[in-house]
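Coordinates as given in data-v8.txt (compact mmCIF, N, CA and C atoms):
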# COMPACT_ATOMS: atom_id res chain seq x y z
N MET A 1 111.64 160.07 -179.55
CA MET A 1 111.10 159.50 -180.76
C MET A 1 110.50 160.56 -181.69
N LEU A 2 110.26 161.77 -181.17
CA LEU A 2 109.68 162.82 -182.00
C LEU A 2 110.73 163.44 -182.92
N ALA A 3 110.36 163.64 -184.17
CA ALA A 3 111.22 164.36 -185.09
C ALA A 3 111.34 165.81 -184.62
N GLU A 4 112.41 166.46 -184.95
CA GLU A 4 112.63 167.85 -184.53
C GLU A 4 111.48 168.76 -184.99
N ASP A 5 110.93 168.50 -186.17
CA ASP A 5 109.85 169.34 -186.72
C ASP A 5 108.47 168.69 -186.60
N ALA A 6 108.31 167.79 -185.63
CA ALA A 6 107.04 167.08 -185.45
C ALA A 6 105.89 168.05 -185.19
N THR A 7 104.67 167.59 -185.51
CA THR A 7 103.46 168.36 -185.20
C THR A 7 102.53 167.52 -184.36
N PHE A 8 101.69 168.19 -183.58
CA PHE A 8 100.68 167.53 -182.74
C PHE A 8 99.39 168.34 -182.89
N ALA A 9 98.35 167.69 -183.43
CA ALA A 9 97.07 168.37 -183.66
C ALA A 9 95.95 167.59 -183.00
N MET A 10 94.89 168.31 -182.63
CA MET A 10 93.73 167.71 -181.97
C MET A 10 92.44 168.23 -182.60
N PRO A 11 92.17 167.86 -183.85
CA PRO A 11 90.97 168.39 -184.50
C PRO A 11 89.70 167.88 -183.80
N PRO A 12 88.68 168.67 -183.65
CA PRO A 12 88.47 170.00 -184.21
C PRO A 12 88.93 171.13 -183.28
N LEU A 13 89.64 170.81 -182.21
CA LEU A 13 90.15 171.87 -181.33
C LEU A 13 91.19 172.69 -182.10
N SER A 14 91.33 173.92 -181.71
CA SER A 14 92.29 174.78 -182.39
C SER A 14 93.72 174.57 -181.89
N SER A 15 93.91 173.67 -180.93
CA SER A 15 95.25 173.39 -180.40
C SER A 15 96.10 172.71 -181.47
N TRP A 16 97.29 173.22 -181.66
CA TRP A 16 98.22 172.68 -182.65
C TRP A 16 99.62 173.07 -182.23
N TYR A 17 100.53 172.11 -182.22
CA TYR A 17 101.89 172.37 -181.76
C TYR A 17 102.86 171.89 -182.82
N ARG A 18 103.96 172.64 -182.99
CA ARG A 18 104.97 172.28 -183.98
C ARG A 18 106.35 172.33 -183.32
N GLY A 19 107.08 171.26 -183.52
CA GLY A 19 108.44 171.17 -183.00
C GLY A 19 108.51 170.36 -181.73
N ARG A 20 109.57 169.59 -181.61
CA ARG A 20 109.76 168.71 -180.46
C ARG A 20 109.69 169.48 -179.15
N ASP A 21 110.35 170.63 -179.07
CA ASP A 21 110.37 171.39 -177.82
C ASP A 21 108.98 171.92 -177.45
N ALA A 22 108.24 172.44 -178.42
CA ALA A 22 106.90 172.96 -178.15
C ALA A 22 105.96 171.84 -177.69
N ILE A 23 106.06 170.69 -178.33
CA ILE A 23 105.22 169.55 -177.93
C ILE A 23 105.59 169.08 -176.53
N ALA A 24 106.88 168.99 -176.25
CA ALA A 24 107.32 168.56 -174.92
C ALA A 24 106.87 169.53 -173.83
N LEU A 25 106.95 170.81 -174.09
CA LEU A 25 106.51 171.83 -173.12
C LEU A 25 105.02 171.70 -172.85
N TRP A 26 104.22 171.58 -173.91
CA TRP A 26 102.76 171.40 -173.76
C TRP A 26 102.46 170.11 -173.00
N ALA A 27 103.08 169.01 -173.40
CA ALA A 27 102.80 167.71 -172.78
C ALA A 27 103.14 167.71 -171.29
N ALA A 28 104.26 168.32 -170.93
CA ALA A 28 104.67 168.37 -169.52
C ALA A 28 103.71 169.22 -168.70
N GLY A 29 103.10 170.21 -169.31
CA GLY A 29 102.18 171.09 -168.58
C GLY A 29 100.76 170.58 -168.52
N TRP A 30 100.40 169.64 -169.40
CA TRP A 30 99.01 169.16 -169.46
C TRP A 30 98.92 167.65 -169.32
N PRO A 31 98.94 166.89 -170.42
CA PRO A 31 98.65 165.46 -170.29
C PRO A 31 99.68 164.67 -169.51
N LEU A 32 100.93 165.09 -169.52
CA LEU A 32 101.97 164.35 -168.79
C LEU A 32 102.42 165.07 -167.53
N SER A 33 101.56 165.95 -167.01
CA SER A 33 101.89 166.72 -165.80
C SER A 33 101.84 165.88 -164.53
N GLY A 34 101.23 164.70 -164.60
CA GLY A 34 101.05 163.86 -163.42
C GLY A 34 99.69 164.06 -162.78
N ALA A 35 98.88 164.95 -163.33
CA ALA A 35 97.55 165.22 -162.77
C ALA A 35 96.55 164.11 -163.10
N TRP A 36 96.83 163.32 -164.15
CA TRP A 36 95.91 162.25 -164.55
C TRP A 36 96.64 160.93 -164.67
N ARG A 37 95.88 159.86 -164.45
CA ARG A 37 96.41 158.51 -164.65
C ARG A 37 95.97 158.04 -166.02
N TRP A 38 96.90 157.50 -166.78
CA TRP A 38 96.63 157.05 -168.14
C TRP A 38 96.90 155.56 -168.30
N HIS A 39 96.16 154.95 -169.21
CA HIS A 39 96.46 153.60 -169.68
C HIS A 39 96.45 153.70 -171.20
N VAL A 40 97.44 153.11 -171.84
CA VAL A 40 97.59 153.22 -173.29
C VAL A 40 97.50 151.83 -173.92
N VAL A 41 96.73 151.75 -175.02
CA VAL A 41 96.57 150.50 -175.77
C VAL A 41 97.00 150.75 -177.21
N ARG A 42 97.87 149.89 -177.71
CA ARG A 42 98.33 150.01 -179.11
C ARG A 42 97.26 149.48 -180.07
N THR A 43 97.18 150.12 -181.22
CA THR A 43 96.30 149.67 -182.29
C THR A 43 96.83 150.25 -183.60
N THR A 44 96.07 150.10 -184.65
CA THR A 44 96.39 150.77 -185.91
C THR A 44 95.13 151.48 -186.38
N ALA A 45 95.32 152.55 -187.11
CA ALA A 45 94.20 153.32 -187.67
C ALA A 45 94.57 153.72 -189.09
N ASN A 46 93.80 153.25 -190.03
CA ASN A 46 94.05 153.56 -191.44
C ASN A 46 95.46 153.18 -191.86
N GLY A 47 95.93 152.04 -191.37
CA GLY A 47 97.24 151.54 -191.75
C GLY A 47 98.41 152.18 -191.03
N GLN A 48 98.13 153.06 -190.08
CA GLN A 48 99.19 153.75 -189.34
C GLN A 48 99.16 153.29 -187.89
N PRO A 49 100.31 153.32 -187.21
CA PRO A 49 100.31 152.99 -185.78
C PRO A 49 99.49 154.03 -185.02
N ALA A 50 98.80 153.56 -183.99
CA ALA A 50 97.97 154.46 -183.18
C ALA A 50 97.99 154.00 -181.73
N LEU A 51 97.67 154.94 -180.85
CA LEU A 51 97.61 154.66 -179.41
C LEU A 51 96.27 155.12 -178.87
N GLY A 52 95.56 154.21 -178.22
CA GLY A 52 94.33 154.58 -177.54
C GLY A 52 94.67 155.00 -176.11
N PHE A 53 94.38 156.24 -175.77
CA PHE A 53 94.64 156.75 -174.42
C PHE A 53 93.36 156.71 -173.61
N TYR A 54 93.45 156.14 -172.42
CA TYR A 54 92.33 156.05 -171.49
C TYR A 54 92.70 156.80 -170.22
N ALA A 55 91.76 157.60 -169.70
CA ALA A 55 91.98 158.38 -168.48
C ALA A 55 91.23 157.72 -167.32
N TRP A 56 91.88 157.64 -166.18
CA TRP A 56 91.29 157.04 -164.99
C TRP A 56 90.15 157.89 -164.48
N ASN A 57 89.03 157.25 -164.14
CA ASN A 57 87.90 157.92 -163.52
C ASN A 57 87.66 157.26 -162.17
N ALA A 58 87.96 157.99 -161.10
CA ALA A 58 87.86 157.43 -159.75
C ALA A 58 86.42 157.07 -159.39
N ASP A 59 85.45 157.87 -159.82
CA ASP A 59 84.05 157.58 -159.49
C ASP A 59 83.59 156.25 -160.10
N GLU A 60 84.00 155.97 -161.32
CA GLU A 60 83.62 154.73 -162.00
C GLU A 60 84.62 153.60 -161.75
N GLU A 61 85.76 153.94 -161.16
CA GLU A 61 86.84 152.99 -160.92
C GLU A 61 87.20 152.22 -162.19
N SER A 62 87.39 152.99 -163.26
CA SER A 62 87.78 152.40 -164.54
C SER A 62 88.46 153.47 -165.38
N TYR A 63 89.09 153.03 -166.44
CA TYR A 63 89.68 153.95 -167.40
C TYR A 63 88.67 154.20 -168.51
N ARG A 64 88.43 155.47 -168.80
CA ARG A 64 87.49 155.86 -169.86
C ARG A 64 88.25 156.33 -171.08
N PRO A 65 87.74 156.07 -172.29
CA PRO A 65 88.43 156.53 -173.49
C PRO A 65 88.64 158.03 -173.47
N PHE A 66 89.84 158.44 -173.86
CA PHE A 66 90.12 159.86 -173.95
C PHE A 66 90.50 160.27 -175.37
N ALA A 67 91.51 159.65 -175.95
CA ALA A 67 91.94 160.05 -177.29
C ALA A 67 92.58 158.90 -178.03
N LEU A 68 92.35 158.89 -179.33
CA LEU A 68 93.05 157.98 -180.23
C LEU A 68 94.11 158.82 -180.93
N ASN A 69 95.37 158.54 -180.63
CA ASN A 69 96.48 159.29 -181.22
C ASN A 69 97.02 158.49 -182.40
N VAL A 70 96.83 159.03 -183.60
CA VAL A 70 97.32 158.39 -184.81
C VAL A 70 98.70 158.97 -185.12
N LEU A 71 99.68 158.08 -185.31
CA LEU A 71 101.06 158.50 -185.50
C LEU A 71 101.46 158.39 -186.97
N THR A 72 102.18 159.38 -187.44
CA THR A 72 102.80 159.33 -188.76
C THR A 72 104.30 159.21 -188.53
N LEU A 73 104.90 158.21 -189.15
CA LEU A 73 106.32 157.97 -188.97
C LEU A 73 107.12 158.47 -190.17
N ARG A 74 108.30 158.94 -189.87
CA ARG A 74 109.30 159.29 -190.88
C ARG A 74 110.56 158.54 -190.45
N GLY A 75 110.81 157.42 -191.12
CA GLY A 75 111.91 156.57 -190.68
C GLY A 75 111.56 155.98 -189.32
N THR A 76 112.44 156.22 -188.35
CA THR A 76 112.20 155.70 -186.99
C THR A 76 111.61 156.75 -186.06
N GLN A 77 111.31 157.93 -186.58
CA GLN A 77 110.79 159.01 -185.73
C GLN A 77 109.32 159.29 -186.02
N VAL A 78 108.64 159.82 -185.01
CA VAL A 78 107.26 160.26 -185.16
C VAL A 78 107.29 161.68 -185.71
N SER A 79 106.70 161.87 -186.90
CA SER A 79 106.70 163.20 -187.50
C SER A 79 105.43 163.97 -187.22
N ASP A 80 104.31 163.24 -187.01
CA ASP A 80 103.03 163.90 -186.74
C ASP A 80 102.18 163.03 -185.83
N VAL A 81 101.44 163.69 -184.96
CA VAL A 81 100.44 163.02 -184.12
C VAL A 81 99.13 163.76 -184.33
N THR A 82 98.09 163.00 -184.63
CA THR A 82 96.75 163.58 -184.72
C THR A 82 95.91 162.88 -183.66
N ALA A 83 95.43 163.63 -182.68
CA ALA A 83 94.68 163.09 -181.55
C ALA A 83 93.19 163.35 -181.75
N PHE A 84 92.43 162.26 -181.81
CA PHE A 84 90.98 162.35 -181.93
C PHE A 84 90.40 162.11 -180.53
N ILE A 85 89.94 163.18 -179.91
CA ILE A 85 89.54 163.15 -178.50
C ILE A 85 88.07 162.77 -178.35
N ALA A 86 87.81 161.91 -177.38
CA ALA A 86 86.46 161.39 -177.14
C ALA A 86 85.71 162.23 -176.10
N ARG A 87 85.80 163.53 -176.24
CA ARG A 87 85.09 164.48 -175.39
C ARG A 87 84.45 165.52 -176.30
N SER A 88 83.47 166.23 -175.79
CA SER A 88 82.83 167.28 -176.57
C SER A 88 83.86 168.37 -176.88
N ALA A 89 83.80 168.87 -178.11
CA ALA A 89 84.70 169.96 -178.50
C ALA A 89 83.93 171.27 -178.63
N GLU A 90 82.72 171.31 -178.09
CA GLU A 90 81.94 172.54 -178.14
C GLU A 90 82.72 173.66 -177.46
N PRO A 91 82.53 174.88 -177.91
CA PRO A 91 83.25 176.00 -177.28
C PRO A 91 82.99 176.07 -175.78
N ARG A 92 84.04 176.21 -175.03
CA ARG A 92 83.95 176.26 -173.57
C ARG A 92 85.01 177.19 -173.01
N ASP A 93 84.90 177.43 -171.72
CA ASP A 93 85.92 178.21 -171.04
C ASP A 93 87.22 177.41 -170.97
N ARG A 94 88.32 178.13 -170.92
CA ARG A 94 89.64 177.50 -170.86
C ARG A 94 89.76 176.54 -169.67
N GLU A 95 89.12 176.87 -168.56
CA GLU A 95 89.21 176.05 -167.36
C GLU A 95 88.71 174.63 -167.60
N VAL A 96 87.71 174.47 -168.48
CA VAL A 96 87.18 173.14 -168.78
C VAL A 96 88.29 172.29 -169.41
N PHE A 97 89.06 172.89 -170.30
CA PHE A 97 90.11 172.14 -170.98
C PHE A 97 91.28 171.81 -170.05
N GLU A 98 91.42 172.55 -168.96
CA GLU A 98 92.46 172.24 -167.99
C GLU A 98 92.18 170.92 -167.29
N ARG A 99 90.92 170.52 -167.24
CA ARG A 99 90.52 169.25 -166.62
C ARG A 99 89.80 168.37 -167.66
N TYR A 100 90.20 168.47 -168.90
CA TYR A 100 89.51 167.81 -170.02
C TYR A 100 89.31 166.30 -169.81
N PRO A 101 90.28 165.55 -169.30
CA PRO A 101 90.04 164.12 -169.10
C PRO A 101 88.91 163.82 -168.11
N ASP A 102 88.58 164.78 -167.24
CA ASP A 102 87.51 164.58 -166.27
C ASP A 102 86.12 164.86 -166.85
N GLU A 103 86.07 165.46 -168.04
CA GLU A 103 84.79 165.76 -168.68
C GLU A 103 84.09 164.47 -169.11
N PRO A 104 82.75 164.50 -169.24
CA PRO A 104 82.03 163.29 -169.67
C PRO A 104 82.48 162.82 -171.05
N VAL A 105 82.47 161.51 -171.22
CA VAL A 105 82.82 160.91 -172.51
C VAL A 105 81.70 161.19 -173.50
N ASP A 106 82.06 161.49 -174.74
CA ASP A 106 81.09 161.67 -175.83
C ASP A 106 80.88 160.29 -176.45
N ALA A 107 79.72 159.66 -176.18
CA ALA A 107 79.45 158.28 -176.61
C ALA A 107 79.59 158.10 -178.12
N ALA A 108 79.13 159.07 -178.89
CA ALA A 108 79.23 158.97 -180.35
C ALA A 108 80.69 158.93 -180.79
N LYS A 109 81.54 159.70 -180.13
CA LYS A 109 82.96 159.71 -180.50
C LYS A 109 83.63 158.40 -180.10
N VAL A 110 83.20 157.82 -179.00
CA VAL A 110 83.76 156.52 -178.60
C VAL A 110 83.41 155.49 -179.67
N ASP A 111 82.16 155.49 -180.12
CA ASP A 111 81.76 154.56 -181.19
C ASP A 111 82.57 154.82 -182.45
N ASP A 112 82.66 156.07 -182.85
CA ASP A 112 83.33 156.43 -184.11
C ASP A 112 84.85 156.26 -184.05
N VAL A 113 85.43 156.57 -182.92
CA VAL A 113 86.89 156.62 -182.84
C VAL A 113 87.48 155.35 -182.21
N PHE A 114 86.98 154.93 -181.07
CA PHE A 114 87.59 153.81 -180.37
C PHE A 114 87.12 152.45 -180.90
N GLU A 115 85.82 152.24 -180.90
CA GLU A 115 85.31 150.93 -181.28
C GLU A 115 85.60 150.61 -182.74
N ARG A 116 85.63 151.60 -183.59
CA ARG A 116 85.93 151.38 -185.01
C ARG A 116 87.33 150.78 -185.20
N PHE A 117 88.23 151.09 -184.29
CA PHE A 117 89.60 150.60 -184.43
C PHE A 117 89.92 149.51 -183.41
N GLY A 118 88.86 148.82 -182.94
CA GLY A 118 89.04 147.65 -182.11
C GLY A 118 89.40 147.92 -180.66
N LEU A 119 89.15 149.12 -180.19
CA LEU A 119 89.44 149.47 -178.81
C LEU A 119 88.19 149.40 -177.96
N PRO A 120 88.28 148.90 -176.73
CA PRO A 120 87.10 148.80 -175.87
C PRO A 120 86.59 150.17 -175.40
N ALA A 121 85.32 150.20 -175.03
CA ALA A 121 84.67 151.44 -174.59
C ALA A 121 85.08 151.81 -173.17
N ARG A 122 85.74 150.94 -172.45
CA ARG A 122 86.28 151.24 -171.11
C ARG A 122 87.22 150.13 -170.71
N LEU A 123 88.10 150.43 -169.77
CA LEU A 123 89.02 149.45 -169.23
C LEU A 123 88.84 149.40 -167.72
N ASP A 124 88.61 148.22 -167.19
CA ASP A 124 88.42 148.09 -165.73
C ASP A 124 89.73 147.81 -165.04
Will you turn the file into structure tokens for me?
Amino acid sequence: MLAEDATFAMPPLSSWYRGRDAIALWAAGWPLSGAWRWHVVRTTANGQPALGFYAWNADEESYRPFALNVLTLRGTQVSDVTAFIARSAEPRDREVFERYPDEPVDAAKVDDVFERFGLPARLD
């Protein structure tokens, strides 16, 4: 579904990917590597299709908000994804980002990003 020249950004993180192959390589190595369990909920954000991503937390036995991915479409393809992540973006060591879904949820971001667009603060 990704356009050949699609982009994937995660502001305010400096991570940014361009092109279907670059996005697929990153996704296979990180969020879609199989290291985390995800639950996805469809919504809209500012008139655009969006996906609320929730990461499983074994200690809480629930899915916690991780990112709201806002999609920009060009015809039937996704041309851009902007992911608003519900974790702290303060400067950290690279190792923290390798386990980013396991980091504590930033409550203010959940209010601003998830609840504003009708998504629950957790999924049991």
Helix (DSSP H, G or I) per DSSP on the backbone: members of chain A, as number ranges by chain: A: 20-29, 94-98, 100-102, 107-117
Minimum-distance residue to A:Phe66, chosen among A:Pro11, A:Gly34, A:Pro101, A:Pro49 (using only C-alpha atoms):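 Using only C-alpha atoms, the shortest distance to A:Phe66 belongs to A:Pro101.
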Neighbour residues at most 6 Å from (105.9, 162.6, -186.5) (only C-alpha atoms) as a PyMOL selection string: chain A and resi 2-3+6+72-73+78-81
Spatial neighbours of stretch 103-118 of chain A, max dist 7 Å, only N, CA and C atoms, sep filter under 5 positions, as a list in words: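 Here the answer would be Thr43, Thr44, Ala45, Pro65, Leu68, Phe84, Ile85, Ala86, Arg87 and Ser88 of chain A.
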With N, CA and C atoms retained, export the selected residues as a PDB file, in the coordinates of the input.
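What follows is the written file part-v5.pdb:
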ATOM      1  N   THR A  43      97.180 150.120-181.220  1.00  0.00           N
ATOM      2  CA  THR A  43      96.300 149.670-182.290  1.00  0.00           C
ATOM      3  C   THR A  43      96.830 150.250-183.600  1.00  0.00           C
ATOM      4  N   THR A  44      96.070 150.100-184.650  1.00  0.00           N
ATOM      5  CA  THR A  44      96.390 150.770-185.910  1.00  0.00           C
ATOM      6  C   THR A  44      95.130 151.480-186.380  1.00  0.00           C
ATOM      7  N   ALA A  45      95.320 152.550-187.110  1.00  0.00           N
ATOM      8  CA  ALA A  45      94.200 153.320-187.670  1.00  0.00           C
ATOM      9  C   ALA A  45      94.570 153.720-189.090  1.00  0.00           C
ATOM     10  N   PRO A  65      87.740 156.070-172.290  1.00  0.00           N
ATOM     11  CA  PRO A  65      88.430 156.530-173.490  1.00  0.00           C
ATOM     12  C   PRO A  65      88.640 158.030-173.470  1.00  0.00           C
ATOM     13  N   LEU A  68      92.350 158.890-179.330  1.00  0.00           N
ATOM     14  CA  LEU A  68      93.050 157.980-180.230  1.00  0.00           C
ATOM     15  C   LEU A  68      94.110 158.820-180.930  1.00  0.00           C
ATOM     16  N   PHE A  84      92.430 162.260-181.810  1.00  0.00           N
ATOM     17  CA  PHE A  84      90.980 162.350-181.930  1.00  0.00           C
ATOM     18  C   PHE A  84      90.400 162.110-180.530  1.00  0.00           C
ATOM     19  N   ILE A  85      89.940 163.180-179.910  1.00  0.00           N
ATOM     20  CA  ILE A  85      89.540 163.150-178.500  1.00  0.00           C
ATOM     21  C   ILE A  85      88.070 162.770-178.350  1.00  0.00           C
ATOM     22  N   ALA A  86      87.810 161.910-177.380  1.00  0.00           N
ATOM     23  CA  ALA A  86      86.460 161.390-177.140  1.00  0.00           C
ATOM     24  C   ALA A  86      85.710 162.230-176.100  1.00  0.00           C
ATOM     25  N   ARG A  87      85.800 163.530-176.240  1.00  0.00           N
ATOM     26  CA  ARG A  87      85.090 164.480-175.390  1.00  0.00           C
ATOM     27  C   ARG A  87      84.450 165.520-176.300  1.00  0.00           C
ATOM     28  N   SER A  88      83.470 166.230-175.790  1.00  0.00           N
ATOM     29  CA  SER A  88      82.830 167.280-176.570  1.00  0.00           C
ATOM     30  C   SER A  88      83.860 168.370-176.880  1.00  0.00           C
TER      31      SER A  88
END
Atom-to-atom span, atom CA of A:Leu119 and atom CA of A:Tyr63, Å: 12.3 Å
Distance in Å - atom N of A:Pro120 versus atom CA of A:Asn46: 16.5 Å
DSSP-assigned strand (DSSP E) members of stretch 22-93 of chain A, reported as number ranges by chain: A: 38-45, 48-57, 62-74, 77-85
Option closest in space to A:Leu123, from A:Ser62, A:Gln48, A:Thr7, A:Ser15 [counting all atoms listed in the file]: A:Ser62
Atom CA of A:Ala67 to atom CA of A:Thr82, distance in Å rounded to a single decimal: 9.5 Å
Neighbour list for A:Asp124 as number ranges by chain, cut-off 8 Å, all atoms listed in the file, skip fewer than 2 positions in-chain: A: 60-64, 121-122
Those same residues - N, CA and C atoms - I'd like them written as a PDB file, in the frame of the given file.
ATOM      1  N   GLU A  60      84.000 155.970-161.320  1.00  0.00           N
ATOM      2  CA  GLU A  60      83.620 154.730-162.000  1.00  0.00           C
ATOM      3  C   GLU A  60      84.620 153.600-161.750  1.00  0.00           C
ATOM      4  N   GLU A  61      85.760 153.940-161.160  1.00  0.00           N
ATOM      5  CA  GLU A  61      86.840 152.990-160.920  1.00  0.00           C
ATOM      6  C   GLU A  61      87.200 152.220-162.190  1.00  0.00           C
ATOM      7  N   SER A  62      87.390 152.990-163.260  1.00  0.00           N
ATOM      8  CA  SER A  62      87.780 152.400-164.540  1.00  0.00           C
ATOM      9  C   SER A  62      88.460 153.470-165.380  1.00  0.00           C
ATOM     10  N   TYR A  63      89.090 153.030-166.440  1.00  0.00           N
ATOM     11  CA  TYR A  63      89.680 153.950-167.400  1.00  0.00           C
ATOM     12  C   TYR A  63      88.670 154.200-168.510  1.00  0.00           C
ATOM     13  N   ARG A  64      88.430 155.470-168.800  1.00  0.00           N
ATOM     14  CA  ARG A  64      87.490 155.860-169.860  1.00  0.00           C
ATOM     15  C   ARG A  64      88.250 156.330-171.080  1.00  0.00           C
ATOM     16  N   ALA A 121      85.320 150.200-175.030  1.00  0.00           N
ATOM     17  CA  ALA A 121      84.670 151.440-174.590  1.00  0.00           C
ATOM     18  C   ALA A 121      85.080 151.810-173.170  1.00  0.00           C
ATOM     19  N   ARG A 122      85.740 150.940-172.450  1.00  0.00           N
ATOM     20  CA  ARG A 122      86.280 151.240-171.110  1.00  0.00           C
ATOM     21  C   ARG A 122      87.220 150.130-170.710  1.00  0.00           C
TER      22      ARG A 122
END
A:Asp5, A:Ala89, A:Tyr54, A:Val40 ranked by distance to A:Ala22, top pick (using only C-alpha atoms):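 Counting only C-alpha atoms, the residue closest to A:Ala22 is A:Asp5.
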Top pick for closest residue to A:Glu4, considering A:Arg42, A:Arg20, A:Arg92, A:Arg99 and counting only C-alpha atoms: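 Comparing A:Arg42, A:Arg20, A:Arg92, A:Arg99 against A:Glu4, the winner is A:Arg20.
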A:Ala24, A:Val41, A:Ala35, A:Ala58 ranked by distance to A:Tyr100, top pick (using only C-alpha atoms):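 Answer, going by the shortest atom-to-atom distance: A:Ala35.
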Given only C-alpha atoms as the counted atoms, nearest of A:Tyr17, A:Ala50, A:Met1, A:Glu98 to A:Ser33: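 Of A:Tyr17, A:Ala50, A:Met1, A:Glu98, the one nearest A:Ser33 is A:Glu98, counting only C-alpha atoms.
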Could you complete stretch 87-103 of chain A so that it carries N, CA, C and O atoms, and give it back as an mmCIF file, keeping the file's coordinate frame?
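Dumped everything to rebuild11.cif:
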data_model
loop_
_atom_site.group_PDB
_atom_site.id
_atom_site.type_symbol
_atom_site.label_atom_id
_atom_site.label_comp_id
_atom_site.auth_asym_id
_atom_site.auth_seq_id
_atom_site.Cartn_x
_atom_site.Cartn_y
_atom_site.Cartn_z
ATOM 1 N N ARG A 87 85.800 163.530 -176.240
ATOM 2 C CA ARG A 87 85.090 164.480 -175.390
ATOM 3 C C ARG A 87 84.450 165.520 -176.300
ATOM 4 O O ARG A 87 84.883 165.709 -177.441
ATOM 5 N N SER A 88 83.470 166.230 -175.790
ATOM 6 C CA SER A 88 82.830 167.280 -176.570
ATOM 7 C C SER A 88 83.860 168.370 -176.880
ATOM 8 O O SER A 88 84.662 168.729 -176.026
ATOM 9 N N ALA A 89 83.800 168.870 -178.110
ATOM 10 C CA ALA A 89 84.700 169.960 -178.500
ATOM 11 C C ALA A 89 83.930 171.270 -178.630
ATOM 12 O O ALA A 89 84.442 172.232 -179.197
ATOM 13 N N GLU A 90 82.720 171.310 -178.090
ATOM 14 C CA GLU A 90 81.940 172.540 -178.140
ATOM 15 C C GLU A 90 82.720 173.660 -177.460
ATOM 16 O O GLU A 90 83.477 173.417 -176.519
ATOM 17 N N PRO A 91 82.530 174.880 -177.910
ATOM 18 C CA PRO A 91 83.250 176.000 -177.280
ATOM 19 C C PRO A 91 82.990 176.070 -175.780
ATOM 20 O O PRO A 91 81.839 175.938 -175.346
ATOM 21 N N ARG A 92 84.040 176.210 -175.030
ATOM 22 C CA ARG A 92 83.950 176.260 -173.570
ATOM 23 C C ARG A 92 85.010 177.190 -173.010
ATOM 24 O O ARG A 92 85.924 177.607 -173.705
ATOM 25 N N ASP A 93 84.900 177.430 -171.720
ATOM 26 C CA ASP A 93 85.920 178.210 -171.040
ATOM 27 C C ASP A 93 87.220 177.410 -170.970
ATOM 28 O O ASP A 93 87.214 176.184 -170.922
ATOM 29 N N ARG A 94 88.320 178.130 -170.920
ATOM 30 C CA ARG A 94 89.640 177.500 -170.860
ATOM 31 C C ARG A 94 89.760 176.540 -169.670
ATOM 32 O O ARG A 94 90.412 175.509 -169.760
ATOM 33 N N GLU A 95 89.120 176.870 -168.560
ATOM 34 C CA GLU A 95 89.210 176.050 -167.360
ATOM 35 C C GLU A 95 88.710 174.630 -167.600
ATOM 36 O O GLU A 95 89.206 173.677 -167.001
ATOM 37 N N VAL A 96 87.710 174.470 -168.480
ATOM 38 C CA VAL A 96 87.180 173.140 -168.780
ATOM 39 C C VAL A 96 88.290 172.290 -169.410
ATOM 40 O O VAL A 96 88.456 171.120 -169.080
ATOM 41 N N PHE A 97 89.060 172.890 -170.300
ATOM 42 C CA PHE A 97 90.110 172.140 -170.980
ATOM 43 C C PHE A 97 91.280 171.810 -170.050
ATOM 44 O O PHE A 97 92.017 170.867 -170.296
ATOM 45 N N GLU A 98 91.420 172.550 -168.960
ATOM 46 C CA GLU A 98 92.460 172.240 -167.990
ATOM 47 C C GLU A 98 92.180 170.920 -167.290
ATOM 48 O O GLU A 98 93.101 170.262 -166.813
ATOM 49 N N ARG A 99 90.920 170.520 -167.240
ATOM 50 C CA ARG A 99 90.520 169.250 -166.620
ATOM 51 C C ARG A 99 89.800 168.370 -167.660
ATOM 52 O O ARG A 99 88.901 167.611 -167.335
ATOM 53 N N TYR A 100 90.200 168.470 -168.900
ATOM 54 C CA TYR A 100 89.510 167.810 -170.020
ATOM 55 C C TYR A 100 89.310 166.300 -169.810
ATOM 56 O O TYR A 100 88.235 165.782 -170.097
ATOM 57 N N PRO A 101 90.280 165.550 -169.300
ATOM 58 C CA PRO A 101 90.040 164.120 -169.100
ATOM 59 C C PRO A 101 88.910 163.820 -168.110
ATOM 60 O O PRO A 101 88.330 162.737 -168.147
ATOM 61 N N ASP A 102 88.580 164.780 -167.240
ATOM 62 C CA ASP A 102 87.510 164.580 -166.270
ATOM 63 C C ASP A 102 86.120 164.860 -166.850
ATOM 64 O O ASP A 102 85.114 164.556 -166.218
ATOM 65 N N GLU A 103 86.070 165.460 -168.040
ATOM 66 C CA GLU A 103 84.790 165.760 -168.680
ATOM 67 C C GLU A 103 84.090 164.470 -169.110
ATOM 68 O O GLU A 103 84.740 163.450 -169.336
#
